[in-house]
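Structure file upload30.cif (mmCIF, C-alpha atoms) is printed below.
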```
data_data
loop_
_atom_site.label_atom_id
_atom_site.label_comp_id
_atom_site.auth_asym_id
_atom_site.auth_seq_id
_atom_site.Cartn_x
_atom_site.Cartn_y
_atom_site.Cartn_z
CA MET A 671 0.00 0.00 0.00
CA LEU A 672 1.16 3.49 -0.85
CA THR A 673 2.06 5.46 2.27
CA ALA A 674 1.14 9.06 3.09
CA ARG A 675 4.06 11.43 2.46
CA VAL A 676 5.46 14.01 4.86
CA ILE A 677 7.24 16.75 2.91
CA PRO A 678 9.31 19.53 4.49
CA CYS A 679 9.36 22.64 2.30
CA LEU A 680 12.39 24.90 2.06
CA ASP A 681 11.70 28.42 0.80
CA CYS A 682 15.06 29.68 -0.43
CA ARG A 683 16.30 33.18 -1.09
CA ASP A 684 19.85 33.99 -2.17
CA GLY A 685 21.06 30.54 -1.17
CA ARG A 686 19.52 30.53 2.32
CA VAL A 687 16.31 29.01 3.69
CA VAL A 688 13.84 31.69 4.82
CA LYS A 689 10.46 31.66 6.50
CA GLY A 690 7.85 34.37 6.80
CA ILE A 691 4.11 34.72 7.11
CA LYS A 692 2.65 35.01 3.62
CA PHE A 693 6.14 35.76 2.34
CA GLN A 694 6.28 38.98 4.36
CA GLY A 695 8.96 39.66 6.98
CA LEU A 696 11.25 36.86 5.83
CA ARG A 697 13.74 35.60 8.39
CA ASP A 698 16.72 33.28 8.03
CA ALA A 699 15.97 29.62 8.77
CA GLY A 700 19.27 27.96 7.86
CA CYS A 701 21.44 26.35 5.20
CA PRO A 702 19.46 24.41 2.57
CA VAL A 703 22.01 21.59 2.23
CA GLU A 704 22.30 20.98 5.98
CA LEU A 705 18.53 21.15 6.48
CA SER A 706 17.90 18.77 3.55
CA MET A 707 20.26 16.13 4.87
CA ASN A 708 18.83 16.53 8.32
CA TYR A 709 15.25 16.04 7.09
CA GLU A 710 16.21 12.96 5.09
CA ARG A 711 17.79 11.43 8.20
CA GLN A 712 14.61 12.20 10.16
CA GLY A 713 12.53 10.24 7.62
CA ALA A 714 11.22 12.92 5.23
CA ASP A 715 9.58 11.25 2.23
CA GLU A 716 10.41 14.03 -0.19
CA LEU A 717 11.62 17.62 -0.14
CA ILE A 718 10.33 20.72 -1.86
CA LEU A 719 12.70 23.60 -2.58
CA LEU A 720 10.98 26.81 -3.63
CA ASP A 721 12.92 29.81 -4.82
CA VAL A 722 11.42 33.00 -3.41
CA SER A 723 14.22 35.23 -4.69
CA ALA A 724 13.16 38.46 -6.27
CA THR A 725 16.19 38.85 -8.57
CA PRO A 726 18.02 36.98 -11.37
CA GLU A 727 21.08 36.74 -9.09
CA GLY A 728 18.96 34.90 -6.57
CA ARG A 729 17.87 32.46 -9.27
CA SER A 730 21.45 31.48 -10.05
CA HIS A 731 21.95 30.73 -6.35
CA GLN A 732 19.01 28.36 -6.63
CA HIS A 733 20.61 26.16 -9.32
CA GLU A 734 23.77 25.92 -7.23
CA THR A 735 21.69 25.04 -4.17
CA VAL A 736 19.81 22.32 -6.07
CA ARG A 737 23.08 20.83 -7.31
CA LYS A 738 24.57 20.70 -3.81
CA VAL A 739 21.41 19.25 -2.27
CA ARG A 740 21.18 16.58 -4.98
CA GLU A 741 24.72 15.34 -4.36
CA GLY A 742 23.80 14.04 -0.95
CA LEU A 743 20.04 13.55 -1.15
CA SER A 744 18.61 10.08 -1.88
CA ILE A 745 14.91 10.96 -1.69
CA PRO A 746 12.83 12.86 -4.30
CA LEU A 747 13.26 16.58 -4.75
CA THR A 748 10.66 18.96 -6.18
CA CYS A 749 11.84 22.42 -7.20
CA GLY A 750 9.91 25.51 -8.15
CA GLY A 751 9.62 29.24 -7.87
CA GLY A 752 10.18 31.47 -10.86
CA VAL A 753 9.64 28.80 -13.53
CA ARG A 754 8.37 30.84 -16.49
CA VAL A 755 9.17 28.73 -19.56
CA THR A 756 9.85 25.07 -20.29
CA ASP A 757 13.62 25.64 -20.38
CA ASP A 758 13.55 27.00 -16.80
CA ALA A 759 12.22 23.61 -15.75
CA GLY A 760 14.90 21.87 -17.81
CA LEU A 761 17.64 23.75 -15.94
CA LEU A 762 16.20 22.71 -12.57
CA LEU A 763 15.95 19.08 -13.71
CA ASP A 764 19.54 19.16 -14.98
CA ALA A 765 20.64 20.58 -11.63
CA GLY A 766 19.01 17.65 -9.82
CA ALA A 767 15.26 18.17 -9.38
CA ASP A 768 13.02 15.13 -9.89
CA LYS A 769 9.85 17.19 -10.28
CA VAL A 770 9.23 20.82 -11.13
CA SER A 771 6.38 22.95 -9.83
CA VAL A 772 4.80 25.85 -11.70
CA ASN A 773 2.37 28.40 -10.38
CA THR A 774 1.92 31.94 -11.74
CA ALA A 775 3.32 31.14 -15.19
CA ALA A 776 0.83 28.30 -15.63
CA VAL A 777 -2.08 30.64 -14.91
CA VAL A 778 -0.73 33.24 -17.34
CA LYS A 779 0.01 30.65 -20.03
CA PRO A 780 -1.70 27.30 -19.33
CA GLU A 781 -0.01 25.68 -22.39
CA LEU A 782 3.16 25.61 -20.29
CA ILE A 783 1.65 22.64 -18.43
CA ASP A 784 1.07 20.74 -21.69
CA ASP A 785 4.66 21.46 -22.77
CA LEU A 786 6.17 20.29 -19.49
CA ALA A 787 4.09 17.10 -19.41
CA LEU A 788 4.96 16.33 -23.02
CA ARG A 789 8.66 16.94 -22.61
CA TYR A 790 9.30 15.60 -19.10
CA GLY A 791 6.22 13.51 -18.27
CA SER A 792 3.22 14.06 -16.01
CA GLN A 793 4.98 12.49 -13.02
CA CYS A 794 7.45 15.38 -13.26
CA THR A 795 4.90 18.19 -13.65
CA VAL A 796 3.52 19.64 -10.43
CA VAL A 797 1.12 22.57 -10.52
CA ALA A 798 1.00 24.70 -7.38
CA ILE A 799 -2.39 26.29 -6.80
CA ASP A 800 -2.77 29.12 -4.28
CA ALA A 801 -6.36 29.52 -3.14
CA VAL A 802 -8.31 32.16 -1.23
CA ARG A 803 -11.82 31.67 0.06
CA GLN A 804 -14.47 33.76 -1.65
CA ASN A 805 -17.18 35.54 0.27
CA GLY A 806 -19.94 33.90 -1.71
CA GLY A 807 -18.46 30.39 -1.22
CA GLY A 808 -15.84 28.49 -3.19
CA TRP A 809 -12.23 29.50 -3.72
CA GLU A 810 -10.40 31.75 -6.14
CA VAL A 811 -6.91 31.20 -7.58
CA VAL A 812 -4.37 33.86 -6.58
CA VAL A 813 -0.88 34.39 -8.04
CA GLN A 814 2.22 36.52 -7.51
CA SER A 815 2.62 35.29 -3.93
CA GLY A 816 -1.00 36.03 -3.19
CA ARG A 817 -0.89 39.64 -4.35
CA GLU A 818 -3.04 39.16 -7.43
CA ARG A 819 -6.48 37.65 -7.83
CA THR A 820 -7.16 35.84 -11.10
CA GLY A 821 -10.93 35.39 -11.23
CA ARG A 822 -10.38 31.67 -11.77
CA ASP A 823 -12.29 29.12 -9.73
CA VAL A 824 -9.92 26.74 -7.91
CA ILE A 825 -11.91 23.57 -8.65
CA GLN A 826 -12.21 24.36 -12.37
CA TRP A 827 -8.51 25.25 -12.55
CA ALA A 828 -7.53 22.01 -10.76
CA LYS A 829 -9.50 20.00 -13.33
CA GLU A 830 -7.93 21.94 -16.18
CA VAL A 831 -4.33 21.48 -15.02
CA VAL A 832 -4.88 17.72 -14.73
CA ALA A 833 -6.47 17.60 -18.21
CA ARG A 834 -3.38 19.41 -19.51
CA GLY A 835 -1.06 16.79 -18.02
CA SER A 836 -0.17 17.82 -14.49
CA GLY A 837 0.62 14.72 -12.40
CA GLU A 838 0.28 16.32 -8.98
CA ILE A 839 -1.30 19.37 -7.35
CA MET A 840 0.31 21.31 -4.53
CA LEU A 841 -2.62 23.08 -2.93
CA THR A 842 -1.98 26.04 -0.63
CA SER A 843 -4.64 27.83 1.31
CA TRP A 844 -3.50 31.44 1.21
CA ASP A 845 -5.88 32.23 4.07
CA ARG A 846 -4.06 29.72 6.27
CA ASP A 847 -0.44 29.95 5.10
CA GLY A 848 1.87 30.79 8.00
CA THR A 849 -1.07 31.23 10.40
CA ARG A 850 -0.57 27.91 12.22
CA SER A 851 -4.33 27.36 12.35
CA GLY A 852 -4.36 24.08 10.37
CA TYR A 853 -4.88 23.20 6.72
CA GLU A 854 -8.15 24.26 5.09
CA LEU A 855 -9.93 20.92 5.07
CA ASP A 856 -12.98 21.86 2.95
CA LEU A 857 -10.67 23.05 0.20
CA LEU A 858 -8.61 19.84 0.35
CA SER A 859 -11.68 17.62 0.19
CA ALA A 860 -13.19 19.58 -2.69
CA VAL A 861 -10.03 19.47 -4.82
CA SER A 862 -9.23 15.82 -3.94
CA GLU A 863 -12.70 14.81 -5.07
CA ALA A 864 -12.46 16.84 -8.28
CA VAL A 865 -9.19 15.37 -9.60
CA THR A 866 -7.62 11.92 -10.06
CA VAL A 867 -3.98 12.89 -9.37
CA PRO A 868 -2.29 13.09 -5.95
CA VAL A 869 -2.84 16.26 -3.90
CA ILE A 870 -0.28 17.80 -1.53
CA ALA A 871 -1.78 19.85 1.31
CA SER A 872 0.03 23.09 2.14
CA GLY A 873 -0.48 26.11 4.35
CA GLY A 874 -1.29 26.33 8.03
CA ALA A 875 0.23 23.26 9.71
CA ALA A 876 1.30 23.76 13.32
CA ASN A 877 0.90 20.36 14.97
CA PRO A 878 0.63 16.63 14.16
CA GLU A 879 -3.17 16.66 14.42
CA HIS A 880 -3.32 19.15 11.55
CA LEU A 881 -1.44 16.66 9.36
CA VAL A 882 -3.74 13.81 10.36
CA ASP A 883 -6.80 15.95 9.55
CA ALA A 884 -5.47 16.87 6.09
CA LEU A 885 -4.71 13.24 5.19
CA LYS A 886 -8.14 12.15 6.38
CA ALA A 887 -9.72 14.97 4.34
CA GLY A 888 -8.26 13.47 1.16
CA ALA A 889 -4.70 14.79 0.82
CA ASN A 890 -2.07 12.25 -0.25
CA ALA A 891 0.84 14.20 1.15
CA VAL A 892 1.34 16.99 3.67
CA LEU A 893 3.76 19.86 3.27
CA ALA A 894 5.00 21.94 6.16
CA ALA A 895 7.83 24.37 6.76
CA SER A 896 8.02 26.30 10.01
CA ILE A 897 7.09 23.44 12.32
CA PHE A 898 10.21 21.64 11.07
CA HIS A 899 12.54 24.64 10.79
CA ASP A 900 11.70 25.79 14.30
CA GLY A 901 12.69 22.37 15.63
CA GLU A 902 9.36 21.98 17.42
CA TYR A 903 8.81 18.60 15.79
CA THR A 904 11.02 16.23 13.85
CA VAL A 905 9.66 14.38 10.83
CA ALA A 906 10.02 11.16 12.86
CA SER A 907 8.00 12.48 15.79
CA LEU A 908 5.23 13.64 13.44
CA LYS A 909 5.18 10.29 11.67
CA ALA A 910 4.82 8.48 14.99
CA VAL A 911 1.67 10.50 15.70
CA LEU A 912 0.34 9.82 12.18
CA GLN A 913 0.87 6.11 12.66
CA ASP A 914 -0.92 6.13 16.02
CA ALA A 915 -3.83 7.86 14.28
CA GLY A 916 -4.07 5.01 11.78
CA VAL A 917 -2.32 6.72 8.85
CA GLU A 918 0.09 4.42 7.03
CA VAL A 919 3.56 5.99 6.79
CA ARG A 920 7.03 4.83 5.81
CA PRO A 921 8.89 3.97 9.02
CA MET B 180 35.77 2.22 -8.32
CA ASN B 181 33.32 0.74 -10.84
CA ASP B 182 32.77 2.28 -14.24
CA VAL B 183 29.06 2.34 -14.99
CA ALA B 184 27.64 3.25 -18.41
CA VAL B 185 24.34 5.10 -18.13
CA ILE B 186 22.33 5.04 -21.34
CA ARG B 187 21.33 8.52 -22.46
CA THR B 188 17.70 8.01 -23.41
CA GLY B 189 17.15 11.64 -24.28
CA THR B 190 13.93 11.86 -22.30
CA ALA B 191 15.18 11.02 -18.83
CA ASN B 192 16.35 13.39 -16.15
CA LEU B 193 19.65 11.78 -15.23
CA ALA B 194 20.90 13.96 -12.36
CA SER B 195 19.45 11.76 -9.61
CA VAL B 196 20.72 8.52 -11.16
CA LEU B 197 24.20 9.98 -11.62
CA ALA B 198 24.24 11.32 -8.05
CA GLY B 199 23.09 7.94 -6.70
CA LEU B 200 25.86 6.10 -8.57
CA LYS B 201 28.41 8.59 -7.35
CA ARG B 202 27.32 7.97 -3.75
CA ALA B 203 27.83 4.23 -4.47
CA LYS B 204 31.46 5.11 -5.38
CA CYS B 205 30.92 4.50 -9.10
CA LYS B 206 32.30 6.50 -11.96
CA ALA B 207 29.27 7.01 -14.18
CA VAL B 208 29.62 7.84 -17.87
CA LEU B 209 26.79 8.67 -20.26
CA VAL B 210 26.70 6.51 -23.39
CA ASP B 211 24.48 6.53 -26.46
CA GLU B 212 26.04 4.19 -29.00
CA PRO B 213 25.75 0.37 -29.31
CA GLY B 214 29.47 -0.42 -28.95
CA ALA B 215 29.63 1.29 -25.57
CA VAL B 216 26.48 -0.46 -24.36
CA ALA B 217 27.87 -3.83 -25.50
CA SER B 218 31.32 -3.41 -23.96
CA ALA B 219 30.54 -1.75 -20.61
CA ASP B 220 30.96 -3.84 -17.45
CA TYR B 221 27.86 -2.27 -15.92
CA VAL B 222 24.95 -0.62 -17.72
CA VAL B 223 22.07 1.41 -16.31
CA LEU B 224 18.93 1.90 -18.41
CA PRO B 225 17.05 4.82 -16.83
CA GLY B 226 13.56 5.68 -17.97
CA VAL B 227 11.45 8.75 -17.58
CA GLY B 228 8.89 9.91 -20.11
CA ALA B 229 6.64 7.89 -22.39
CA PHE B 230 7.09 4.31 -23.67
CA ALA B 231 7.08 5.33 -27.36
CA ALA B 232 9.46 8.25 -26.77
CA ILE B 233 12.12 6.11 -25.10
CA MET B 234 11.77 3.32 -27.72
CA ASP B 235 12.15 5.92 -30.50
CA GLN B 236 15.38 7.09 -28.87
CA LEU B 237 16.72 3.54 -28.42
CA ASN B 238 15.77 2.55 -31.99
CA SER B 239 17.22 5.66 -33.61
CA ARG B 240 20.54 5.06 -31.83
CA GLY B 241 20.57 1.34 -32.66
CA LEU B 242 20.65 0.37 -28.99
CA VAL B 243 17.79 -2.15 -28.84
CA ASP B 244 19.81 -5.20 -29.93
CA ALA B 245 22.77 -4.26 -27.74
CA ILE B 246 20.56 -4.04 -24.65
CA ARG B 247 18.67 -7.27 -25.44
CA GLN B 248 21.94 -9.09 -26.03
CA ARG B 249 23.61 -8.05 -22.80
CA VAL B 250 20.52 -8.97 -20.78
CA ASN B 251 20.31 -12.37 -22.50
CA GLU B 252 24.03 -12.92 -21.84
CA ALA B 253 23.48 -12.11 -18.14
CA ARG B 254 25.81 -9.11 -18.17
CA PRO B 255 25.27 -6.61 -15.30
CA THR B 256 22.37 -4.34 -16.16
CA LEU B 257 20.09 -2.19 -14.01
CA ALA B 258 16.83 -0.93 -15.55
CA ILE B 259 14.84 1.73 -13.71
CA CYS B 260 11.13 2.66 -13.88
CA LEU B 261 10.18 2.83 -17.58
CA GLY B 262 13.48 0.99 -18.16
CA LEU B 263 11.78 -2.10 -16.68
CA GLN B 264 8.68 -1.72 -18.86
CA VAL B 265 10.58 -1.37 -22.15
CA LEU B 266 12.29 -4.73 -21.50
CA GLY B 267 8.83 -6.23 -22.14
CA SER B 268 6.84 -6.58 -25.34
CA SER B 269 4.63 -3.47 -25.40
CA SER B 270 2.59 -1.05 -23.30
CA GLU B 271 -0.96 0.18 -23.15
CA GLU B 272 0.63 3.66 -23.03
CA SER B 273 1.85 3.47 -26.64
CA PRO B 274 -0.17 0.99 -28.71
CA GLY B 275 1.72 -0.20 -31.78
CA THR B 276 5.19 0.43 -30.32
CA GLU B 277 7.27 -2.68 -29.72
CA GLY B 278 9.44 -2.96 -26.61
CA ILE B 279 12.92 -4.49 -26.43
CA GLY B 280 11.24 -7.88 -26.01
CA VAL B 281 13.45 -9.61 -23.44
CA PHE B 282 10.22 -11.11 -22.08
CA ASP B 283 6.68 -11.29 -23.37
CA VAL B 284 4.81 -9.12 -20.86
CA ARG B 285 2.76 -6.01 -21.64
CA ALA B 286 2.56 -2.96 -19.34
CA SER B 287 -0.90 -1.62 -18.50
CA ARG B 288 -2.32 1.45 -16.77
CA PHE B 289 -3.31 1.42 -13.09
CA GLY B 290 -7.05 1.03 -12.54
CA GLU B 291 -9.44 3.90 -11.82
CA ALA B 292 -9.74 3.10 -8.12
CA VAL B 293 -6.38 4.75 -7.38
CA ARG B 294 -4.81 8.14 -8.06
CA VAL B 295 -2.59 8.13 -11.13
CA PRO B 296 0.34 8.65 -11.35
CA GLN B 297 1.35 6.61 -8.32
CA LEU B 298 3.68 9.03 -6.51
CA GLY B 299 5.27 7.96 -3.27
CA TRP B 300 6.62 5.14 -1.15
CA ASN B 301 5.16 1.67 -1.40
CA LEU B 302 6.06 -1.58 0.37
CA VAL B 303 8.11 -3.92 -1.84
CA ARG B 304 7.62 -7.63 -1.05
CA PRO B 305 10.20 -9.94 -2.66
CA ALA B 306 9.57 -13.64 -3.34
CA PRO B 307 11.88 -16.05 -1.44
CA ASP B 308 13.97 -16.78 -4.56
CA CYS B 309 15.17 -13.16 -4.87
CA ARG B 310 18.89 -12.68 -4.24
CA LEU B 311 19.25 -8.91 -4.58
CA LEU B 312 15.82 -7.64 -3.58
CA THR B 313 14.85 -7.35 0.07
CA GLY B 314 11.66 -6.13 1.71
CA GLY B 315 11.39 -2.37 2.21
CA TYR B 316 9.85 0.85 0.94
CA GLY B 317 10.65 2.01 -2.59
CA TYR B 318 9.81 5.37 -4.18
CA PHE B 319 7.52 5.02 -7.21
CA ALA B 320 6.51 7.55 -9.87
CA ASN B 321 4.51 5.67 -12.51
CA SER B 322 1.15 5.45 -14.28
CA TYR B 323 1.75 2.07 -15.98
CA ARG B 324 3.04 -1.20 -14.55
CA LEU B 325 3.47 -4.93 -15.15
CA THR B 326 1.12 -7.25 -13.29
CA GLU B 327 2.91 -10.58 -13.79
CA ILE B 328 6.50 -11.61 -13.19
CA PRO B 329 8.03 -12.84 -16.46
CA GLN B 330 8.92 -16.51 -16.70
CA GLY B 331 12.45 -17.29 -15.55
CA TRP B 332 12.76 -14.20 -13.33
CA ALA B 333 12.51 -13.78 -9.56
CA GLY B 334 10.36 -10.84 -8.55
CA ALA B 335 8.98 -8.54 -5.88
CA MET B 336 5.39 -7.29 -5.80
CA ALA B 337 3.70 -4.23 -4.31
CA ASP B 338 0.05 -3.18 -4.03
CA TYR B 339 -1.71 -0.21 -5.58
CA GLY B 340 -5.30 -0.99 -6.50
CA GLY B 341 -4.14 -4.62 -6.76
CA ALA B 342 -0.77 -6.34 -6.98
CA PHE B 343 1.81 -5.09 -9.45
CA VAL B 344 5.45 -5.87 -10.23
CA ALA B 345 7.80 -3.74 -8.11
CA ALA B 346 11.01 -5.29 -9.46
CA ILE B 347 12.45 -8.39 -11.13
CA GLU B 348 15.91 -9.93 -11.09
CA ARG B 349 17.82 -12.67 -12.93
CA GLY B 350 21.49 -13.09 -12.00
CA PRO B 351 23.14 -9.67 -12.32
CA ILE B 352 20.13 -8.22 -14.17
CA LEU B 353 17.93 -6.05 -11.96
CA ALA B 354 14.90 -4.14 -13.21
CA CYS B 355 13.00 -1.92 -10.76
CA GLN B 356 9.69 -0.11 -11.24
CA PHE B 357 10.64 2.07 -8.26
CA HIS B 358 13.63 4.43 -8.28
CA PRO B 359 16.43 2.88 -6.18
CA GLU B 360 18.39 6.15 -6.47
CA LEU B 361 15.49 7.96 -4.72
CA SER B 362 14.65 5.23 -2.20
CA GLY B 363 16.86 6.35 0.68
CA LYS B 364 19.23 3.95 2.41
CA TRP B 365 17.21 0.91 1.35
CA GLY B 366 17.58 1.87 -2.32
CA ALA B 367 21.27 2.67 -1.92
CA SER B 368 21.93 -0.75 -0.40
CA LEU B 369 20.12 -2.39 -3.32
CA ILE B 370 22.39 -0.58 -5.79
CA GLU B 371 25.39 -1.76 -3.74
CA ARG B 372 24.16 -5.36 -3.87
CA TRP B 373 23.63 -5.11 -7.64
CA LEU B 374 27.20 -3.88 -8.08
CA GLY B 375 28.42 -6.62 -5.74
CA ALA B 376 26.46 -9.47 -7.35
CA ALA B 377 27.82 -8.42 -10.69
CA ARG B 378 31.34 -9.06 -9.39
CA GLU B 379 30.55 -12.66 -8.40
CA PRO B 380 29.70 -15.51 -10.75
CA ALA B 381 26.06 -16.56 -10.62
CA PRO B 382 25.39 -19.67 -8.52
CA CYS B 383 24.69 -22.90 -10.42
#
```

Take the structure from the file and write it as structure tokens.
Amino acid sequence: MLTARVIPCLDCRDGRVVKGIKFQGLRDAGCPVELSMNYERQGADELILLDVSATPEGRSHQHETVRKVREGLSIPLTCGGGVRVTDDAGLLLDAGADKVSVNTAAVVKPELIDDLALRYGSQCTVVAIDAVRQNGGGWEVVVQSGRERTGRDVIQWAKEVVARGSGEIMLTSWDRDGTRSGYELDLLSAVSEAVTVPVIASGGAANPEHLVDALKAGANAVLAASIFHDGEYTVASLKAVLQDAGVEVRP
Amino acid sequence: MNDVAVIRTGTANLASVLAGLKRAKCKAVLVDEPGAVASADYVVLPGVGAFAAIMDQLNSRGLVDAIRQRVNEARPTLAICLGLQVLGSSSEESPGTEGIGVFDVRASRFGEAVRVPQLGWNLVRPAPDCRLLTGGYGYFANSYRLTEIPQGWAGAMADYGGAFVAAIERGPILACQFHPELSGKWGASLIERWLGAAREPAPC
């Protein structure tokens, strides 16, 4: 049986891991290579490295970071942040990514998803969807680190990205991200039911129970950042709680 | 230090495979012509992408016979993911495209009861006659799979909407549906055993 995945996420800027609430007030959270190796030892099932640099110089740091992480890492690595065209994804894959995630660029030009899936395969093509709750019900897709609304309905967009060849959806509740109030379970259930590919829950995790809730709501994997970086929990201690709650995990 | 020839299939992302071999203290070289595939002590056939795309690459470079021959001669070969599937006859993914044809088994898509692609760690259960494969969790990233172990091979199964083939082995030939290079310490030790078994003669 396929086990539920626990995925630490490293937001990187200029070669360092950073953490902030909704990407505001970023603070240093450590060295990406050291943290990656540490998380693998703790039992992480996969890692996600997102580049949140604002400049081209920052981007070049990211390729170097990916190369260094890959040398030592023997679990899967997803990379994203700033992927605009198919060749950007190619550079990340050459540097050592196993999967590439796209977000804003896919909304601006959805054909990017078709291109990536055709060239590198669906299993390599992750679409990150950032969602905000709408007053009248449902969720809207936001881009540019939450600064811009798109008018797109999250459920419709999730179906479209899968039809275009995305093999996985990384779903972030922008209302919950960095708030430590738990994943948005209604959103997770709605998207999980709407698509046939795996869904990674992101945004809001602060304790093991939040992870259990997300997996029971339909997520196939749970992403978290600050609860790991702050050293509050190790991946192993979280997995022990998941197992006690009846979730199958890799020991 | 072992020299390992990694076949450049054109579609595969090779960074993880190369890094995994380097951690196993191998010197990996990329090859894409039949002579190199025939003469190498160790060959890795990685596979990412679609069945027809990888077969097009292998056919256009004249590599199909060289791969079939070294497998039939029991010369050390490690096939990964789609690399396992193309050793068979064909796949539901690319109707009309012939595989390398080492064995007569067709790959088919996972059923509709499970999320596809399968992405993540699944329990690999080897049959007692396996020499290289041990029980443990392997990392899978696949939409198609074999459901029966080819005749003359020892195999390991896993479950995802029913039993499927996680890996097969025959002497120093190892073909894994999962990615040993992404399967943590368990995967690394499997690569080590493959390299080690290749150094010893097969038992009678």

Env of Leu705 (chain A): 10 Å cut, atoms = only C-alpha atoms, seq-sep filter 3 positions within chain, self excluded. Answer as a list in words.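 Once the adjacent positions are removed, what remains is Pro678, Leu680, Val687, Ala699, Gly700, Cys701, Pro702, Asn708, Tyr709, Glu710, Arg711, Val739, Phe898 and His899 of chain A.
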
Taking only residues of chain A that have an atom at most 8 Å from an atom of chain B, what is each one's shortest atom pair and its distance in Å to one decimal, using only C-alpha atoms, in chain and number order, as a tab-separated table?
```
residue	atom	partner	partner_atom	distance
A:Met671	CA	B:Asp338	CA	5.1
A:Leu672	CA	B:Asn301	CA	4.4
A:Thr673	CA	B:Trp300	CA	5.7
A:Ala674	CA	B:Gly299	CA	7.7
A:Arg675	CA	B:Gly299	CA	6.8
A:Glu710	CA	B:Gly363	CA	8.0
A:Asp715	CA	B:Trp300	CA	7.6
A:Arg740	CA	B:Ala198	CA	6.8
A:Glu741	CA	B:Ala198	CA	5.5
A:Gly742	CA	B:Arg202	CA	7.6
A:Ser744	CA	B:Leu361	CA	4.7
A:Ile745	CA	B:Leu361	CA	4.3
A:Pro746	CA	B:Leu361	CA	5.6
A:Leu763	CA	B:Asn192	CA	6.2
A:Asp764	CA	B:Ala194	CA	6.0
A:Ala765	CA	B:Ala194	CA	6.7
A:Gly766	CA	B:Ala194	CA	4.9
A:Ala767	CA	B:Ala194	CA	7.6
A:Asp768	CA	B:Ser195	CA	7.3
A:Arg789	CA	B:Thr190	CA	7.3
A:Tyr790	CA	B:Gly228	CA	5.8
A:Gly791	CA	B:Gly228	CA	4.8
A:Ser792	CA	B:Pro296	CA	7.7
A:Gln793	CA	B:Ala320	CA	6.1
A:Gly837	CA	B:Pro296	CA	6.2
A:Thr866	CA	B:Arg294	CA	5.1
A:Val867	CA	B:Arg294	CA	5.0
A:Pro868	CA	B:Arg294	CA	5.9
A:Arg920	CA	B:Tyr316	CA	6.9
```

What do you get, as a list in words, if you spell out every residue that the PyMOL selection byres ((chain B and resi 223) around 9) selects here? Val183, Ala184, Val185, Ile186, Val196, Tyr221, Val222, Leu224, Pro225, Pro255, Thr256, Leu257, Ala258, Ile259 and Gly262 of chain B

Please write the residues from the selection above to a file, keeping C-alpha atoms, as an mmCIF file, in the frame of the given file.
```
data_model
loop_
_atom_site.group_PDB
_atom_site.id
_atom_site.type_symbol
_atom_site.label_atom_id
_atom_site.label_comp_id
_atom_site.auth_asym_id
_atom_site.auth_seq_id
_atom_site.Cartn_x
_atom_site.Cartn_y
_atom_site.Cartn_z
ATOM 1 C CA VAL B 183 29.060 2.340 -14.990
ATOM 2 C CA ALA B 184 27.640 3.250 -18.410
ATOM 3 C CA VAL B 185 24.340 5.100 -18.130
ATOM 4 C CA ILE B 186 22.330 5.040 -21.340
ATOM 5 C CA VAL B 196 20.720 8.520 -11.160
ATOM 6 C CA TYR B 221 27.860 -2.270 -15.920
ATOM 7 C CA VAL B 222 24.950 -0.620 -17.720
ATOM 8 C CA LEU B 224 18.930 1.900 -18.410
ATOM 9 C CA PRO B 225 17.050 4.820 -16.830
ATOM 10 C CA PRO B 255 25.270 -6.610 -15.300
ATOM 11 C CA THR B 256 22.370 -4.340 -16.160
ATOM 12 C CA LEU B 257 20.090 -2.190 -14.010
ATOM 13 C CA ALA B 258 16.830 -0.930 -15.550
ATOM 14 C CA ILE B 259 14.840 1.730 -13.710
ATOM 15 C CA GLY B 262 13.480 0.990 -18.160
#
```

Neighbour list for Ala714 (chain A) as an MDAnalysis selection string, cut-off 7 Å, all atoms listed in the file, skip fewer than 6 positions in-chain: chainID A and resid 676:678 905

Residue subset to file, keeping C-alpha atoms, as a PDB file, in the coordinates of the input:
```pdb
ATOM      1  CA  VAL A 676       5.460  14.010   4.860  1.00  0.00           C
ATOM      2  CA  ILE A 677       7.240  16.750   2.910  1.00  0.00           C
ATOM      3  CA  PRO A 678       9.310  19.530   4.490  1.00  0.00           C
ATOM      4  CA  VAL A 905       9.660  14.380  10.830  1.00  0.00           C
TER       5      VAL A 905
END
```

CA of Trp809 (chain A) and CA of Leu855 (chain A), how far apart in Å? 12.5 Å

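The environment of Ala253 (chain B) within 9 Å, counting all atoms listed in the file and disregarding residues fewer than 6 places along the same chain, consists of Arg349, Gly350, Pro351 and Ile352 of chain B.
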
Could you spell out the hits of the PyMOL selection byres ((chain B and resi 233-247) around 7) on the shown file, as number ranges by chain? B: 188-190, 211-213, 216-217, 229-232, 248-251, 278-279, 281

Within 8 Å of region 908-911 of chain A, counting all atoms listed in the file, which residues qualify if same-chain residues fewer than 6 places away don't, as a tab-separated table (two decimals) with C-alpha atoms, in the coordinates of the input?
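Now in around.tsv:
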```
chain	number	residue	atom	x	y	z
A	676	VAL	CA	5.46	14.01	4.86
A	878	PRO	CA	0.63	16.63	14.16
A	879	GLU	CA	-3.17	16.66	14.42
A	919	VAL	CA	3.56	5.99	6.79
A	921	PRO	CA	8.89	3.97	9.02
```

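This file, queried with the PyMOL selection byres ((chain A and resi 803) around 10), gives the residues A:Ala801, A:Val802, A:Gln804, A:Asn805, A:Gly806, A:Gly807, A:Gly808, A:Trp809, A:Glu810, A:Val811, A:Val824, A:Ser843, A:Trp844, A:Asp845, A:Glu854, A:Leu857.
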